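Q: Just passing along the structure, written as structure tokens.
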Amino acid sequence: MATSLQNLSDYDASSFIDISEKKFGLVVADWNRDITDVLSAGAYETLLKHGAVADNIFRNTVPGSFELTLGAQFLAQHDEIDAVICLGVVIQGETKHDDYICHAVAQGITQVGLKFNKPVIFGLVTTNTLEQAWDRAGGKHGNKGVEAAVAAIQMLGF
């Protein structure tokens with residue numbers, strides 16, 4: 001379902017597992033920092049809300065969304081990390097850079113999750129405009145960071 005037809009912050013927590021012993025890595029792109037900080041805060045607060053311990057949530061920053069994959073791999077390779085949440089923003093510009101970046105990040109994050117057999121969550125906001133990005137970072141469509149944290153919790157319970 002298209003994001004414009006749902007709220008990214010709406011979810012059913014009734015089947016969530018106990019995550020008080022789980023460790024989470026957040027990999028956050030520095031590019032579009034105003035937005036990625038909001039995504040990161042949404043993920044962090046959601047994890048805490050559902051029982052994660054603040055000392056078990058590790059935030060690491062990478063330069064841009066393209067680097068999310070390697071940042072995720074750096075965290076995922078540690079046995080003590082149970083799930084990695086990747087957060088970034090790619091906004092379409094005058095060139096096709098967004099197609100290349102989004103495709104590479106999607107493929108890379110998938111590969112990291114498969115390689116380390118743990119949840120590595122795709123929390124990349126991909127939009128045509130800055131306004132659409134803000135709509136998905138706590139605006140009218142909710143917060144993609146919340147959705148990513150929820151996905152991590154759900155996958156840990158799989």
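Ligands are numbered from 1 in the order shown, residues from 1 within each chain, and chains are lettered A, B, ... in the order they appear in the structure tokens.
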Skipping near chain neighbours, those fewer than 5 positions away, what residues fall within 10 Å of Asp37 (chain A) using only C-alpha atoms, listed as a list in words?

A: Val28, Ala29, Asp30, Asn32, Gly42, Ala43, Leu87, Gly88, Ala137 and Gly145 of chain A

Q: Need the shell around region 115-129 of chain A: protein/DNA/RNA residues with any atom at most 9 Å away, counting only C-alpha atoms. Skip same-chain ones fewer than 2 positions apart. Format as a ChimeraX atom specification?

A: /A:39,65,72-73,76-77,79,81-93,98,102,105-106,109-113,131-134,136-137,144-145,147-149,151-153,155-156

Q: Given only C-alpha atoms as the basis, pick out the residue of A:Ile35, A:Ala41, A:Ile101, A:Ile19 nearest to Asn56 (chain A).

A: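 Answer, going by the shortest atom-to-atom distance: A:Ile19.
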
Q: From region 6-103 of chain A, collect each residue whose DSSP state is helix (DSSP H, G or I) and return the set as a ChimeraX atom specification.

A: /A:33-49,54-56,65-76,97-103

Q: As a list of chain:residue names, please: the residues near Val150 (chain A) (cut-off 8 Å, only C-alpha atoms, same-chain neighbours under 4 positions excluded).

A: A:Tyr11, A:Thr46, A:Leu47, A:Val146, A:Gln154

Q: Using N, CA and C atoms, can you write the selected residues to a file as a short mmCIF file (atom, residue, chain, number, x, y, z; two decimals), in the first residue's frame?

A:
```cif
data_model
loop_
_atom_site.label_atom_id
_atom_site.label_comp_id
_atom_site.auth_asym_id
_atom_site.auth_seq_id
_atom_site.Cartn_x
_atom_site.Cartn_y
_atom_site.Cartn_z
N TYR A 11 0.36 1.12 14.13
CA TYR A 11 0.72 -0.30 14.15
C TYR A 11 0.03 -0.98 15.32
N THR A 46 10.39 4.74 19.81
CA THR A 46 9.55 3.56 19.64
C THR A 46 10.18 2.34 20.30
N LEU A 47 11.49 2.18 20.14
CA LEU A 47 12.17 1.06 20.79
C LEU A 47 12.04 1.17 22.31
N VAL A 146 9.60 5.35 13.03
CA VAL A 146 8.72 4.53 13.86
C VAL A 146 8.44 3.22 13.14
N GLN A 154 9.17 -6.64 15.06
CA GLN A 154 8.38 -7.74 14.48
C GLN A 154 9.28 -8.84 13.92
#
```

Q: So which bits of chain A end up strand (DSSP E) when you DSSP the backbone, as a ChimeraX atom specification?

A: /A:24-29,57-62,83-91,120-127,137-139,142-143

Q: Just the selected residues (N, CA and C atoms), exported as a compact mmCIF listing (two decimals), in the first residue's frame, please.

A:
```
# COMPACT_ATOMS: atom_id res chain seq x y z
N PHE A 24 20.09 -2.97 19.62
CA PHE A 24 19.74 -2.41 18.32
C PHE A 24 20.82 -1.44 17.85
N GLY A 25 21.15 -1.52 16.59
CA GLY A 25 22.04 -0.55 15.97
C GLY A 25 21.24 0.34 15.03
N LEU A 26 21.36 1.63 15.21
CA LEU A 26 20.76 2.58 14.28
C LEU A 26 21.87 3.14 13.40
N VAL A 27 21.68 3.09 12.10
CA VAL A 27 22.62 3.69 11.17
C VAL A 27 21.86 4.82 10.49
N VAL A 28 22.34 6.05 10.70
CA VAL A 28 21.59 7.23 10.28
C VAL A 28 22.44 8.07 9.32
N ALA A 29 21.88 8.36 8.16
CA ALA A 29 22.59 9.19 7.18
C ALA A 29 22.64 10.64 7.66
N ILE A 57 20.81 0.61 22.71
CA ILE A 57 20.51 1.21 21.41
C ILE A 57 21.73 2.06 21.01
N PHE A 58 22.34 1.70 19.90
CA PHE A 58 23.57 2.35 19.46
C PHE A 58 23.32 3.09 18.16
N ARG A 59 23.56 4.39 18.16
CA ARG A 59 23.37 5.20 16.95
C ARG A 59 24.73 5.50 16.33
N ASN A 60 24.83 5.23 15.05
CA ASN A 60 26.02 5.54 14.27
C ASN A 60 25.61 6.35 13.06
N THR A 61 26.42 7.33 12.71
CA THR A 61 26.11 8.21 11.59
C THR A 61 27.05 7.92 10.43
N VAL A 62 26.48 7.89 9.24
CA VAL A 62 27.26 7.74 8.02
C VAL A 62 27.03 9.00 7.17
N ALA A 83 19.50 -6.46 15.87
CA ALA A 83 18.84 -5.89 14.69
C ALA A 83 19.47 -4.54 14.36
N VAL A 84 19.49 -4.23 13.08
CA VAL A 84 20.04 -2.96 12.60
C VAL A 84 18.92 -2.22 11.86
N ILE A 85 18.80 -0.93 12.16
CA ILE A 85 17.80 -0.09 11.51
C ILE A 85 18.52 1.00 10.73
N CYS A 86 18.31 1.03 9.43
CA CYS A 86 18.97 2.00 8.55
C CYS A 86 18.00 3.12 8.21
N LEU A 87 18.43 4.36 8.44
CA LEU A 87 17.55 5.52 8.23
C LEU A 87 18.24 6.56 7.36
N GLY A 88 17.57 6.95 6.30
CA GLY A 88 18.11 7.96 5.40
C GLY A 88 17.01 8.59 4.57
N VAL A 89 17.39 9.58 3.79
CA VAL A 89 16.45 10.29 2.93
C VAL A 89 17.10 10.52 1.57
N VAL A 90 16.40 10.15 0.52
CA VAL A 90 16.85 10.44 -0.84
C VAL A 90 15.70 11.16 -1.55
N ILE A 91 15.97 12.36 -1.99
CA ILE A 91 14.97 13.18 -2.67
C ILE A 91 15.36 13.31 -4.13
N VAL A 120 17.87 -6.45 9.23
CA VAL A 120 18.51 -5.20 8.82
C VAL A 120 17.41 -4.45 8.06
N ILE A 121 16.91 -3.40 8.68
CA ILE A 121 15.67 -2.77 8.25
C ILE A 121 15.93 -1.57 7.33
N PHE A 122 15.18 -1.54 6.24
CA PHE A 122 15.24 -0.48 5.23
C PHE A 122 14.32 0.66 5.67
N GLY A 123 14.91 1.70 6.24
CA GLY A 123 14.15 2.87 6.67
C GLY A 123 14.52 4.08 5.83
N LEU A 124 14.56 3.89 4.54
CA LEU A 124 14.96 4.95 3.62
C LEU A 124 13.71 5.65 3.08
N VAL A 125 13.64 6.95 3.30
CA VAL A 125 12.56 7.75 2.74
C VAL A 125 12.98 8.15 1.33
N THR A 126 12.18 7.79 0.35
CA THR A 126 12.50 8.08 -1.05
C THR A 126 11.33 8.87 -1.63
N THR A 127 11.57 10.14 -1.90
CA THR A 127 10.47 11.00 -2.33
C THR A 127 10.87 11.86 -3.53
N ALA A 137 8.33 12.08 7.85
CA ALA A 137 9.22 12.23 9.02
C ALA A 137 8.46 12.94 10.13
N GLY A 138 7.31 12.39 10.46
CA GLY A 138 6.50 12.96 11.52
C GLY A 138 5.39 13.86 11.03
N GLY A 139 5.26 13.99 9.72
CA GLY A 139 4.19 14.82 9.14
C GLY A 139 2.91 14.03 8.96
N GLY A 142 2.98 10.19 9.10
CA GLY A 142 3.64 9.53 10.22
C GLY A 142 5.15 9.61 10.10
N ASN A 143 5.84 8.71 10.76
CA ASN A 143 7.30 8.74 10.83
C ASN A 143 7.87 7.40 10.39
```

Q: In Å, rounded to a single decimal, give me how far CA of Pro63 (chain A) is from CA of Tyr100 (chain A).

A: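 About the pair CA of Tyr100 (chain A) and CA of Pro63 (chain A): they are 16.6 Å apart.
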
Q: Nearest to Ala104 (chain A): which of A:Gln6, A:Thr36, A:His141, A:Phe66 is it, counting only C-alpha atoms?

A: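 Among the listed residues, A:Phe66 lies closest to Ala104 (chain A).
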
Q: Compare A:Glu67, A:Glu45, A:Ala54, A:Ala13 by their minimum atom-to-atom distance to Trp31 (chain A), counting only C-alpha atoms, and give me the closest one.

A: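 Answer, going by the shortest atom-to-atom distance: A:Glu67.
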
Q: Which residues come within 9 Å of Gly157 (chain A), counting only C-alpha atoms, excluding same-chain residues fewer than 6 positions away, as a PDB file with C-alpha atoms, in the first residue's frame?

A:
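Output (result18.pdb):
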```pdb
ATOM      1  CA  SER A  15       2.203  -9.507  19.224  1.00  0.00           C
ATOM      2  CA  PHE A  16       5.505  -7.801  20.093  1.00  0.00           C
ATOM      3  CA  ILE A  17       8.101  -9.861  21.916  1.00  0.00           C
ATOM      4  CA  ASP A  18      10.037  -8.742  24.990  1.00  0.00           C
TER       5      ASP A  18
END
```
